[in-house]
Amino acid sequence: MHLIPKRLLQTWLSVTCLLASGLAAAQTYPAKPVTLVVPFAAGGPTDIVARTLAASMGKSLGQTVLVENKVGAGGTLAGAHVAKANPDGYTVLIHHNGMSTAPALYRKMAFNPLTDFEYISQVVDVPMTLLGRKDLPAKNLQELSTYVKANAKSINLANAGLGAVSHLCGMLFQQAMGVDLTTVPFSGTAPAMNALLGGQVDLLCDQTTQTTQHIKAGTVRMYGVTTKQRIRALPDALTLNESGIKDFEVIVWHGMYAPKGTPAAVVDKLNAAVRASLKDPAFTARMADLGAEIVPESKQSPEGLRSWLQSEINKWGPVIRSAGVYAD
């Protein structure tokens, strides 16, 4: 008869208990509402995606999915909150490109996007649109290029805050034009759009989830979309690439995350709920109206999100560091 060393036995029992508790939790999950944390203000583009997704996921999970807006520090406040939450699947995060740009923008962070989360799924990709105030003299991108270069000192470019995708899109536009415009940061895309509509700012790069209605209503000037192909929501709108800014592409992608240590079976249930939502006619119709594209199945897996996040960190890190722009 072989005796098992006491320390090894204790370790084995601990692991067994953890596995058993994780399995039990997964079997009853979700037993109460799930909170989906959004890093940005209510009414903004990411919030619109999150609330539409939450309503659909609730049908699959059999529980209400509550949306909580935790705004601040370019989305890192919400990221830190979820990273430190109880890893039981009841607090999850939806975030966009900011998860990949934060490591370069913030020299000190309370979490690591690559090590402090379990990955659930990507959700939708949203194109950006380059807009001007309604009475801006330039009527198309060619005229805008001439106008911007001749009036660079007096033109201002709004964004949703340092490190926001609208800020990054604006940086790329300035680089493409070879100008340095006055940038005006707001506390979110909604107030930035209101300033554009009111004529207080000249230009704004923002997501179709917020801009499509204004473009169709003719309350802003439309200069192009930031995808390489035209989009279904605005089929007549030229891409910036078509209009002369070669290889210009900025897409807002959205991913869902859970705290590190969330049981795999719970992550699987959340992933299944997201996948069901991405096939839900109500969700897909709403996203189509807003110009958002459902991500392909290859991006709907936890590994698909993890690998995409890593590639985006590799892409944006050098751009941000070379510009010497920091949010802290």
# chains A, B, ... in the order shown; residues from 1 in each chain; ligands from 1
>>> closest_atom_pairs(of="range 51-127 of chain A", to="range 304-325 of chain A", cutoff="9 Å", atoms="only C-alpha atoms", output="CSV")
residue,atom,partner,partner_atom,distance
A:Asn97,CA,A:Glu312,CA,7.8
A:Met99,CA,A:Leu309,CA,7.5
A:Ser100,CA,A:Ile313,CA,4.6
A:Thr101,CA,A:Trp316,CA,6.0
A:Ala102,CA,A:Ile313,CA,8.7
A:Pro103,CA,A:Gly317,CA,7.5
A:Ala104,CA,A:Gly317,CA,5.2
A:Leu105,CA,A:Val325,CA,6.7
A:Pro113,CA,A:Leu309,CA,8.4
A:Leu114,CA,A:Gln310,CA,7.5
A:Glu118,CA,A:Arg306,CA,8.8
A:Tyr119,CA,A:Arg306,CA,6.3
A:Ile120,CA,A:Leu305,CA,7.3
A:Ser121,CA,A:Leu305,CA,5.6
A:Gln122,CA,A:Leu305,CA,5.6
>>> select_by_dssp(residues="range 33-239 of chain A", states="strand (DSSP E)", output="NGL selection string")
:A and (34-38 or 65-69 or 91-95 or 117-133 or 156-159 or 182-185 or 203-207 or 220-225)
>>> closest_residue(among="A:Gln175, A:Thr129, A:Asn194, A:Ser166", to="Thr212 in chain A", atoms="only C-alpha atoms")
A:Thr129
>>> residues_around(residues="Lys108 in chain A", least_positions_apart="4", cutoff="12 Å", atoms="only C-alpha atoms", output="PyMOL selection string")
chain A and resi 73+76+80+102-104+112+326-328
>>> write_last_selection(atoms="N, CA and C atoms", output="PDB file, in the first residue's frame")
ATOM      1  N   ALA A  73     -11.653  57.501 -17.505  1.00  0.00           N
ATOM      2  CA  ALA A  73     -10.284  57.088 -17.828  1.00  0.00           C
ATOM      3  C   ALA A  73     -10.206  56.293 -19.121  1.00  0.00           C
ATOM      4  N   THR A  76     -10.714  52.524 -19.051  1.00  0.00           N
ATOM      5  CA  THR A  76      -9.899  51.690 -18.158  1.00  0.00           C
ATOM      6  C   THR A  76     -10.531  51.545 -16.776  1.00  0.00           C
ATOM      7  N   ALA A  80     -10.828  47.870 -15.197  1.00  0.00           N
ATOM      8  CA  ALA A  80     -10.291  47.520 -13.875  1.00  0.00           C
ATOM      9  C   ALA A  80     -11.386  46.963 -12.975  1.00  0.00           C
ATOM     10  N   ALA A 102      -5.189  50.915 -24.917  1.00  0.00           N
ATOM     11  CA  ALA A 102      -4.885  51.338 -23.544  1.00  0.00           C
ATOM     12  C   ALA A 102      -3.463  51.015 -23.095  1.00  0.00           C
ATOM     13  N   PRO A 103      -2.911  49.831 -23.414  1.00  0.00           N
ATOM     14  CA  PRO A 103      -1.550  49.533 -22.950  1.00  0.00           C
ATOM     15  C   PRO A 103      -0.506  50.531 -23.433  1.00  0.00           C
ATOM     16  N   ALA A 104      -0.727  51.154 -24.598  1.00  0.00           N
ATOM     17  CA  ALA A 104       0.213  52.153 -25.107  1.00  0.00           C
ATOM     18  C   ALA A 104      -0.131  53.550 -24.602  1.00  0.00           C
ATOM     19  N   ASN A 112      -4.242  44.197 -16.918  1.00  0.00           N
ATOM     20  CA  ASN A 112      -3.566  43.830 -18.158  1.00  0.00           C
ATOM     21  C   ASN A 112      -4.581  43.138 -19.072  1.00  0.00           C
ATOM     22  N   TYR A 326       0.020  60.248 -24.647  1.00  0.00           N
ATOM     23  CA  TYR A 326      -0.288  59.443 -23.464  1.00  0.00           C
ATOM     24  C   TYR A 326      -1.504  60.018 -22.741  1.00  0.00           C
ATOM     25  N   ALA A 327      -2.301  59.150 -22.188  1.00  0.00           N
ATOM     26  CA  ALA A 327      -3.512  59.590 -21.503  1.00  0.00           C
ATOM     27  C   ALA A 327      -3.287  59.843 -20.018  1.00  0.00           C
ATOM     28  N   ASP A 328      -2.106  59.492 -19.528  1.00  0.00           N
ATOM     29  CA  ASP A 328      -1.828  59.706 -18.102  1.00  0.00           C
ATOM     30  C   ASP A 328      -0.677  60.703 -17.938  1.00  0.00           C
TER      31      ASP A 328
END
>>> residues_around(residues="Leu238 in chain A", least_positions_apart="2", cutoff="8 Å", atoms="only C-alpha atoms", output="PyMOL selection string")
chain A and resi 223-225+230+236+240+242-243
>>> atom_distance(atom1="CA of Leu131 in chain A", atom2="CA of Met287 in chain A")
20.6 Å
>>> select_by_dssp(residues="range 122-313 of chain A", states="helix (DSSP H, G or I)", output="PyMOL selection string")
chain A and resi 141-150+152-154+165-177+189-197+208-217+264-277+281-290+297-299+302-313
>>> write_last_selection(atoms="C-alpha atoms", output="compact mmCIF listing (two decimals), in the first residue's frame")
# COMPACT_ATOMS: atom_id res chain seq x y z
CA LEU A 141 -13.28 64.88 -49.58
CA GLN A 142 -11.27 66.51 -52.37
CA GLU A 143 -12.62 69.93 -51.43
CA LEU A 144 -12.11 69.14 -47.74
CA SER A 145 -8.46 68.29 -48.37
CA THR A 146 -7.90 71.68 -50.01
CA TYR A 147 -9.92 73.51 -47.36
CA VAL A 148 -8.16 71.83 -44.43
CA LYS A 149 -4.68 72.54 -45.77
CA ALA A 150 -5.54 76.19 -46.39
CA ALA A 152 -5.49 74.31 -40.70
CA LYS A 153 -4.95 76.89 -37.95
CA SER A 154 -8.63 77.75 -37.66
CA VAL A 165 -11.40 55.54 -31.46
CA SER A 166 -12.64 58.91 -32.73
CA HIS A 167 -9.35 60.38 -31.49
CA LEU A 168 -7.30 57.69 -33.25
CA CYS A 169 -9.31 58.12 -36.45
CA GLY A 170 -8.72 61.87 -36.26
CA MET A 171 -4.98 61.31 -35.78
CA LEU A 172 -4.84 59.17 -38.92
CA PHE A 173 -6.81 61.76 -40.88
CA GLN A 174 -4.42 64.52 -39.86
CA GLN A 175 -1.45 62.36 -40.82
CA ALA A 176 -3.02 61.65 -44.21
CA MET A 177 -3.67 65.36 -44.80
CA THR A 189 -19.25 60.73 -28.62
CA ALA A 190 -22.76 62.00 -27.80
CA PRO A 191 -21.59 65.46 -26.62
CA ALA A 192 -19.06 65.60 -29.48
CA MET A 193 -21.86 64.96 -31.97
CA ASN A 194 -24.06 67.59 -30.31
CA ALA A 195 -21.23 70.11 -30.71
CA LEU A 196 -20.92 69.23 -34.40
CA LEU A 197 -24.67 69.54 -34.92
CA THR A 208 -22.16 54.68 -37.86
CA THR A 209 -24.18 53.54 -34.84
CA GLN A 210 -24.42 57.22 -33.95
CA THR A 211 -23.96 59.02 -37.26
CA THR A 212 -26.23 57.18 -39.74
CA GLN A 213 -29.40 58.95 -38.64
CA HIS A 214 -27.77 62.37 -38.95
CA ILE A 215 -26.28 61.54 -42.35
CA LYS A 216 -29.64 60.39 -43.69
CA ALA A 217 -31.34 63.48 -42.22
CA ALA A 264 -14.79 27.50 -18.40
CA ALA A 265 -18.34 26.11 -18.38
CA VAL A 266 -19.70 29.57 -17.50
CA VAL A 267 -17.63 31.17 -20.27
CA ASP A 268 -19.05 28.55 -22.63
CA LYS A 269 -22.61 29.51 -21.66
CA LEU A 270 -21.88 33.19 -22.17
CA ASN A 271 -20.26 32.45 -25.51
CA ALA A 272 -23.29 30.41 -26.59
CA ALA A 273 -25.59 33.28 -25.60
CA VAL A 274 -23.54 35.75 -27.65
CA ARG A 275 -23.52 33.43 -30.66
CA ALA A 276 -27.30 33.02 -30.40
CA SER A 277 -27.68 36.80 -30.31
CA PRO A 281 -33.18 38.52 -36.29
CA ALA A 282 -34.06 41.39 -33.95
CA PHE A 283 -30.41 41.98 -33.08
CA THR A 284 -29.06 41.58 -36.60
CA ALA A 285 -31.73 43.89 -38.05
CA ARG A 286 -30.95 46.60 -35.52
CA MET A 287 -27.22 46.31 -36.19
CA ALA A 288 -27.79 46.45 -39.96
CA ASP A 289 -29.80 49.65 -39.54
CA LEU A 290 -26.84 51.16 -37.68
CA GLU A 297 -17.74 32.80 -36.84
CA SER A 298 -13.94 32.61 -36.63
CA LYS A 299 -14.04 35.68 -34.38
CA PRO A 302 -12.76 32.99 -27.06
CA GLU A 303 -9.56 32.26 -28.96
CA GLY A 304 -10.75 34.39 -31.86
CA LEU A 305 -11.12 37.37 -29.54
CA ARG A 306 -7.82 36.74 -27.76
CA SER A 307 -5.79 36.50 -30.96
CA TRP A 308 -7.50 39.56 -32.45
CA LEU A 309 -6.81 41.59 -29.30
CA GLN A 310 -3.13 40.63 -29.46
CA SER A 311 -2.90 41.62 -33.13
CA GLU A 312 -4.56 44.99 -32.43
CA ILE A 313 -2.18 45.70 -29.54
>>> atom_distance(atom1="CA of Asn156 in chain A", atom2="CA of Arg221 in chain A")
15.1 Å
>>> closest_residue(among="A:Val34, A:Leu93, A:Ala42, A:Val67", to="Pro259 in chain A", atoms="only C-alpha atoms")
A:Leu93
>>> atom_distance(atom1="CA of Gly75 in chain A", atom2="CA of Thr182 in chain A")
23.5 Å
>>> residues_around(residues="Gly161 in chain A", least_positions_apart="3", cutoff="7 Å", atoms="only C-alpha atoms", output="ChimeraX atom specification")
/A:164,167,185-188
>>> closest_atom_pairs(of="range 99-178 of chain A", to="range 84-90 of chain A", cutoff="10 Å", atoms="only C-alpha atoms", output="Markdown table")
| residue | atom | partner | partner_atom | distance |
| --- | --- | --- | --- | --- |
| A:Ala110 | CA | A:Lys84 | CA | 9.4 |
| A:Phe111 | CA | A:Lys84 | CA | 8.6 |
| A:Asp116 | CA | A:Lys84 | CA | 8.5 |
| A:Phe117 | CA | A:Pro87 | CA | 9.3 |
| A:Glu118 | CA | A:Pro87 | CA | 9.3 |
>>> write_last_selection(atoms="all heavy atoms", output="CSV table (one decimal), in the first residue's frame")
chain,number,residue,atom,x,y,z
A,110,ALA,N,-4.3,49.6,-14.1
A,110,ALA,CA,-4.7,48.7,-13.0
A,110,ALA,C,-5.0,47.3,-13.5
A,110,ALA,O,-5.4,46.4,-12.7
A,110,ALA,CB,-5.9,49.3,-12.3
A,111,PHE,N,-4.9,47.0,-14.8
A,111,PHE,CA,-5.2,45.7,-15.3
A,111,PHE,C,-4.4,45.5,-16.5
A,111,PHE,O,-3.9,46.4,-17.2
A,111,PHE,CB,-6.7,45.4,-15.5
A,111,PHE,CG,-7.2,46.3,-16.7
A,111,PHE,CD1,-7.3,45.8,-18.0
A,111,PHE,CD2,-7.7,47.6,-16.4
A,111,PHE,CE1,-7.8,46.6,-19.0
A,111,PHE,CE2,-8.2,48.4,-17.5
A,111,PHE,CZ,-8.2,47.9,-18.7
A,116,ASP,N,-5.6,39.4,-17.5
A,116,ASP,CA,-6.6,39.6,-16.4
A,116,ASP,C,-8.0,39.2,-16.8
A,116,ASP,O,-8.9,39.5,-16.0
A,116,ASP,CB,-6.5,41.0,-15.9
A,116,ASP,CG,-5.2,41.3,-15.1
A,116,ASP,OD1,-4.5,40.3,-14.8
A,116,ASP,OD2,-4.9,42.4,-15.0
A,117,PHE,N,-8.2,38.6,-18.0
A,117,PHE,CA,-9.6,38.3,-18.4
A,117,PHE,C,-9.7,36.9,-19.0
A,117,PHE,O,-8.7,36.4,-19.5
A,117,PHE,CB,-10.1,39.3,-19.4
A,117,PHE,CG,-10.2,40.7,-18.9
A,117,PHE,CD1,-9.1,41.6,-19.1
A,117,PHE,CD2,-11.3,41.2,-18.2
A,117,PHE,CE1,-9.2,42.9,-18.6
A,117,PHE,CE2,-11.4,42.5,-17.8
A,117,PHE,CZ,-10.3,43.3,-17.9
A,118,GLU,N,-10.9,36.4,-19.0
A,118,GLU,CA,-11.3,35.3,-19.8
A,118,GLU,C,-12.0,35.9,-21.0
A,118,GLU,O,-12.8,36.8,-20.9
A,118,GLU,CB,-12.2,34.3,-19.1
A,118,GLU,CG,-11.7,33.7,-17.8
A,118,GLU,CD,-10.5,32.8,-18.0
A,118,GLU,OE1,-10.2,32.4,-19.1
A,118,GLU,OE2,-9.8,32.5,-17.0
>>> decode(residues="range 211-222 of chain A", atoms="all heavy atoms", output="PDB file, in the first residue's frame")
ATOM      1  N   THR A 211     -23.941  58.000 -36.210  1.00  0.00           N
ATOM      2  CA  THR A 211     -23.964  59.020 -37.261  1.00  0.00           C
ATOM      3  C   THR A 211     -24.962  58.766 -38.386  1.00  0.00           C
ATOM      4  O   THR A 211     -25.365  59.702 -39.076  1.00  0.00           O
ATOM      5  CB  THR A 211     -22.564  59.158 -37.903  1.00  0.00           C
ATOM      6  OG1 THR A 211     -22.218  57.923 -38.564  1.00  0.00           O
ATOM      7  CG2 THR A 211     -21.511  59.472 -36.842  1.00  0.00           C
ATOM      8  N   THR A 212     -25.378  57.517 -38.590  1.00  0.00           N
ATOM      9  CA  THR A 212     -26.229  57.183 -39.738  1.00  0.00           C
ATOM     10  C   THR A 212     -27.493  58.024 -39.795  1.00  0.00           C
ATOM     11  O   THR A 212     -27.872  58.535 -40.856  1.00  0.00           O
ATOM     12  CB  THR A 212     -26.592  55.686 -39.716  1.00  0.00           C
ATOM     13  OG1 THR A 212     -25.384  54.908 -39.746  1.00  0.00           O
ATOM     14  CG2 THR A 212     -27.445  55.307 -40.911  1.00  0.00           C
ATOM     15  N   GLN A 213     -28.148  58.186 -38.649  1.00  0.00           N
ATOM     16  CA  GLN A 213     -29.402  58.945 -38.635  1.00  0.00           C
ATOM     17  C   GLN A 213     -29.185  60.390 -39.048  1.00  0.00           C
ATOM     18  O   GLN A 213     -30.005  60.990 -39.763  1.00  0.00           O
ATOM     19  CB  GLN A 213     -30.033  58.886 -37.245  1.00  0.00           C
ATOM     20  CG  GLN A 213     -29.156  59.450 -36.138  1.00  0.00           C
ATOM     21  CD  GLN A 213     -29.805  59.409 -34.776  1.00  0.00           C
ATOM     22  OE1 GLN A 213     -30.997  59.634 -34.649  1.00  0.00           O
ATOM     23  NE2 GLN A 213     -29.014  59.134 -33.735  1.00  0.00           N
ATOM     24  N   HIS A 214     -28.057  60.967 -38.617  1.00  0.00           N
ATOM     25  CA  HIS A 214     -27.774  62.366 -38.952  1.00  0.00           C
ATOM     26  C   HIS A 214     -27.366  62.516 -40.411  1.00  0.00           C
ATOM     27  O   HIS A 214     -27.699  63.521 -41.064  1.00  0.00           O
ATOM     28  CB  HIS A 214     -26.683  62.905 -38.029  1.00  0.00           C
ATOM     29  CG  HIS A 214     -27.036  62.855 -36.583  1.00  0.00           C
ATOM     30  ND1 HIS A 214     -28.082  63.564 -36.047  1.00  0.00           N
ATOM     31  CD2 HIS A 214     -26.489  62.143 -35.542  1.00  0.00           C
ATOM     32  CE1 HIS A 214     -28.177  63.322 -34.746  1.00  0.00           C
ATOM     33  NE2 HIS A 214     -27.221  62.454 -34.415  1.00  0.00           N
ATOM     34  N   ILE A 215     -26.662  61.520 -40.934  1.00  0.00           N
ATOM     35  CA  ILE A 215     -26.276  61.543 -42.350  1.00  0.00           C
ATOM     36  C   ILE A 215     -27.522  61.468 -43.228  1.00  0.00           C
ATOM     37  O   ILE A 215     -27.687  62.249 -44.177  1.00  0.00           O
ATOM     38  CB  ILE A 215     -25.309  60.384 -42.665  1.00  0.00           C
ATOM     39  CG1 ILE A 215     -23.976  60.592 -41.938  1.00  0.00           C
ATOM     40  CG2 ILE A 215     -25.083  60.254 -44.169  1.00  0.00           C
ATOM     41  CD1 ILE A 215     -23.085  59.367 -41.933  1.00  0.00           C
ATOM     42  N   LYS A 216     -28.422  60.548 -42.896  1.00  0.00           N
ATOM     43  CA  LYS A 216     -29.641  60.389 -43.685  1.00  0.00           C
ATOM     44  C   LYS A 216     -30.552  61.608 -43.571  1.00  0.00           C
ATOM     45  O   LYS A 216     -31.282  61.940 -44.513  1.00  0.00           O
ATOM     46  CB  LYS A 216     -30.381  59.122 -43.254  1.00  0.00           C
ATOM     47  CG  LYS A 216     -29.651  57.838 -43.648  1.00  0.00           C
ATOM     48  CD  LYS A 216     -30.414  56.603 -43.214  1.00  0.00           C
ATOM     49  CE  LYS A 216     -29.710  55.326 -43.692  1.00  0.00           C
ATOM     50  NZ  LYS A 216     -30.430  54.097 -43.268  1.00  0.00           N
ATOM     51  N   ALA A 217     -30.500  62.285 -42.417  1.00  0.00           N
ATOM     52  CA  ALA A 217     -31.337  63.476 -42.215  1.00  0.00           C
ATOM     53  C   ALA A 217     -30.724  64.722 -42.849  1.00  0.00           C
ATOM     54  O   ALA A 217     -31.387  65.761 -42.938  1.00  0.00           O
ATOM     55  CB  ALA A 217     -31.554  63.705 -40.715  1.00  0.00           C
ATOM     56  N   GLY A 218     -29.446  64.627 -43.262  1.00  0.00           N
ATOM     57  CA  GLY A 218     -28.791  65.766 -43.887  1.00  0.00           C
ATOM     58  C   GLY A 218     -28.383  66.858 -42.924  1.00  0.00           C
ATOM     59  O   GLY A 218     -28.169  68.015 -43.334  1.00  0.00           O
ATOM     60  N   THR A 219     -28.229  66.515 -41.637  1.00  0.00           N
ATOM     61  CA  THR A 219     -27.866  67.527 -40.641  1.00  0.00           C
ATOM     62  C   THR A 219     -26.352  67.652 -40.459  1.00  0.00           C
ATOM     63  O   THR A 219     -25.893  68.473 -39.658  1.00  0.00           O
ATOM     64  CB  THR A 219     -28.516  67.195 -39.280  1.00  0.00           C
ATOM     65  OG1 THR A 219     -28.191  65.845 -38.911  1.00  0.00           O
ATOM     66  CG2 THR A 219     -30.032  67.341 -39.359  1.00  0.00           C
ATOM     67  N   VAL A 220     -25.582  66.840 -41.185  1.00  0.00           N
ATOM     68  CA  VAL A 220     -24.118  66.930 -41.174  1.00  0.00           C
ATOM     69  C   VAL A 220     -23.615  66.733 -42.605  1.00  0.00           C
ATOM     70  O   VAL A 220     -24.350  66.251 -43.470  1.00  0.00           O
ATOM     71  CB  VAL A 220     -23.480  65.856 -40.257  1.00  0.00           C
ATOM     72  CG1 VAL A 220     -23.839  66.078 -38.802  1.00  0.00           C
ATOM     73  CG2 VAL A 220     -23.900  64.447 -40.718  1.00  0.00           C
ATOM     74  N   ARG A 221     -22.377  67.138 -42.845  1.00  0.00           N
ATOM     75  CA  ARG A 221     -21.750  66.830 -44.142  1.00  0.00           C
ATOM     76  C   ARG A 221     -21.024  65.503 -44.010  1.00  0.00           C
ATOM     77  O   ARG A 221     -20.315  65.259 -43.040  1.00  0.00           O
ATOM     78  CB  ARG A 221     -20.768  67.928 -44.537  1.00  0.00           C
ATOM     79  CG  ARG A 221     -21.432  69.173 -45.082  1.00  0.00           C
ATOM     80  CD  ARG A 221     -20.504  69.899 -46.044  1.00  0.00           C
ATOM     81  NE  ARG A 221     -21.028  71.159 -46.500  1.00  0.00           N
ATOM     82  CZ  ARG A 221     -21.904  71.306 -47.479  1.00  0.00           C
ATOM     83  NH1 ARG A 221     -22.380  70.232 -48.088  1.00  0.00           N
ATOM     84  NH2 ARG A 221     -22.324  72.507 -47.840  1.00  0.00           N
ATOM     85  N   MET A 222     -21.192  64.664 -45.006  1.00  0.00           N
ATOM     86  CA  MET A 222     -20.592  63.336 -45.001  1.00  0.00           C
ATOM     87  C   MET A 222     -19.427  63.310 -45.991  1.00  0.00           C
ATOM     88  O   MET A 222     -19.599  63.627 -47.170  1.00  0.00           O
ATOM     89  CB  MET A 222     -21.657  62.305 -45.407  1.00  0.00           C
ATOM     90  CG  MET A 222     -21.111  60.952 -45.758  1.00  0.00           C
ATOM     91  SD  MET A 222     -20.455  60.094 -44.338  1.00  0.00           S
ATOM     92  CE  MET A 222     -20.330  58.436 -44.997  1.00  0.00           C
TER      93      MET A 222
END
